[in-house]
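Each remark here refers to the structure printed beneath this line.
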Amino acid sequence: MCHSIHVTPFKIRFSPGQSIFDQVVFAAIKSILAGELKAGEPFPSVRTLALDLKIHPNTAHKVVQHLIQERWLVSQPGVGTVVAQAPKARAGDRKHLLEHDVEKLVVEAMRVGASLGEVQQAVQDTWSDLRGLKAVASDH
């Protein structure tokens, strides 16, 4: 008897207009940072990832290779691909985030009419959700 089970250890809802590759990479990294995927745990094979997410095997391969290259995953001979310790940020990552990515968030928030308070609350809520906290006022 053959059963099909959901084996991808992270949640993803594909959004139109954004590359599937970017969405899967983001979902995997988010899951690692949130502690849903822990260091040393197996990561799905390319074939499993492709079948489970219903994506092209080449895209799944590209995702796994990218996550290995960026040090989120480690390929262990005889074991397979496993989750690595979250890698340290590279020089310039923080500056890019705080200058470029925040600017994009602010522009998009202004475009949709969100207030500064709403954006701050959304950032705080998301930060708390990823850290597994319910109501944290000042977690840096």
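In the structure tokens, each chain is lettered A, B, ... as it comes, each chain's residues begin at 1, and ligands are numbered from 1 in order of appearance.
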
Item to check | alpha helix (DSSP H) per DSSP on the backbone: members of region 20-122 of chain A, as a VMD selection string | outcome: chain A and resid 20 to 33 46 to 53 57 to 69 93 to 96 102 to 112 116 to 122

Per-residue nearest contacts of region 49-75 of chain A to region 14-35 of chain A (10 Å; only C-alpha atoms) as JSON lines:
{"residue": "A:Leu49", "atom": "CA", "partner": "A:Val24", "partner_atom": "CA", "distance": 9.7}
{"residue": "A:Leu53", "atom": "CA", "partner": "A:Val24", "partner_atom": "CA", "distance": 9.0}
{"residue": "A:Ile55", "atom": "CA", "partner": "A:Ile20", "partner_atom": "CA", "distance": 8.0}
{"residue": "A:His56", "atom": "CA", "partner": "A:Ile20", "partner_atom": "CA", "distance": 9.6}
{"residue": "A:Asn58", "atom": "CA", "partner": "A:Phe21", "partner_atom": "CA", "distance": 9.9}
{"residue": "A:Thr59", "atom": "CA", "partner": "A:Phe21", "partner_atom": "CA", "distance": 6.2}
{"residue": "A:Ala60", "atom": "CA", "partner": "A:Phe21", "partner_atom": "CA", "distance": 7.6}
{"residue": "A:His61", "atom": "CA", "partner": "A:Phe21", "partner_atom": "CA", "distance": 9.8}
{"residue": "A:Lys62", "atom": "CA", "partner": "A:Phe21", "partner_atom": "CA", "distance": 7.5}
{"residue": "A:Val63", "atom": "CA", "partner": "A:Val25", "partner_atom": "CA", "distance": 6.0}
{"residue": "A:Val64", "atom": "CA", "partner": "A:Val25", "partner_atom": "CA", "distance": 8.3}
{"residue": "A:His66", "atom": "CA", "partner": "A:Val25", "partner_atom": "CA", "distance": 8.0}
{"residue": "A:Leu67", "atom": "CA", "partner": "A:Val25", "partner_atom": "CA", "distance": 7.2}
{"residue": "A:Trp72", "atom": "CA", "partner": "A:Ile29", "partner_atom": "CA", "distance": 7.3}
{"residue": "A:Leu73", "atom": "CA", "partner": "A:Ile29", "partner_atom": "CA", "distance": 9.8}

Next on the checklist: Could you list, as a ChimeraX atom specification, every residue within 10 Å of Glu70 (chain A), counting only C-alpha atoms and ignoring same-chain residues fewer than 5 positions away?
Outcome noted: /A:64-65,86-87

Keeping only N, CA and C atoms, write the selected residues to a file as a compact mmCIF listing (two decimals), in the first residue's frame.
# COMPACT_ATOMS: atom_id res chain seq x y z
N VAL A 64 17.74 23.89 -3.55
CA VAL A 64 18.62 23.16 -2.63
C VAL A 64 20.07 23.62 -2.82
N GLN A 65 20.52 23.76 -4.05
CA GLN A 65 21.90 24.20 -4.29
C GLN A 65 22.13 25.61 -3.74
N ALA A 86 22.16 28.24 11.50
CA ALA A 86 21.90 29.48 10.76
C ALA A 86 23.23 30.21 10.54
N PRO A 87 23.54 30.53 9.28
CA PRO A 87 24.83 31.17 9.01
C PRO A 87 24.89 32.60 9.53

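By chain and then residue number, the residues within 12 Å of Arg90 (chain A) are Glu70, Arg71, His96 and Leu97 of chain A, counting only C-alpha atoms and disregarding those fewer than 6 positions away in sequence.
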
Using only C-alpha atoms, please write the residues we just selected to a file, as a PDB file, in the first residue's frame.
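Written out: again.pdb:
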ATOM      1  CA  GLU A  70      24.300  30.237   1.268  1.00  0.00           C
ATOM      2  CA  ARG A  71      25.181  27.863   4.148  1.00  0.00           C
ATOM      3  CA  HIS A  96      21.475  46.412   2.783  1.00  0.00           C
ATOM      4  CA  LEU A  97      18.502  45.374   4.913  1.00  0.00           C
TER       5      LEU A  97
END

Checklist entry - So which one's closest to Gln120 (chain A), A:Leu105, A:Thr48, A:Ala89, A:Ser75? Using only C-alpha atoms, please. => result A:Leu105

Next on the checklist: Using Å and a single decimal, report how far CA of Gln76 (chain A) sits from CA of Gly40 (chain A).
Outcome noted: 10.3 Å

Checklist entry - Quick one: DSSP strand (DSSP E) residues in region 21-133 of chain A, as a list in words? => result Leu73, Val74, Ser75, Gln76, Gly80, Thr81, Val82 and Val83 of chain A

Next, write the just-selected residues to a file, as a short mmCIF file (atom, residue, chain, number, x, y, z; two decimals), in the first residue's frame, keeping C-alpha atoms as the atom set.
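Generated file (result.cif):
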data_model
loop_
_atom_site.label_atom_id
_atom_site.label_comp_id
_atom_site.auth_asym_id
_atom_site.auth_seq_id
_atom_site.Cartn_x
_atom_site.Cartn_y
_atom_site.Cartn_z
CA LEU A 73 21.98 23.47 4.32
CA VAL A 74 24.85 21.00 4.32
CA SER A 75 25.20 18.00 2.02
CA GLN A 76 26.50 15.00 3.96
CA GLY A 80 21.74 13.46 2.50
CA THR A 81 21.08 17.16 2.85
CA VAL A 82 20.57 18.43 6.38
CA VAL A 83 19.78 21.77 7.94
#
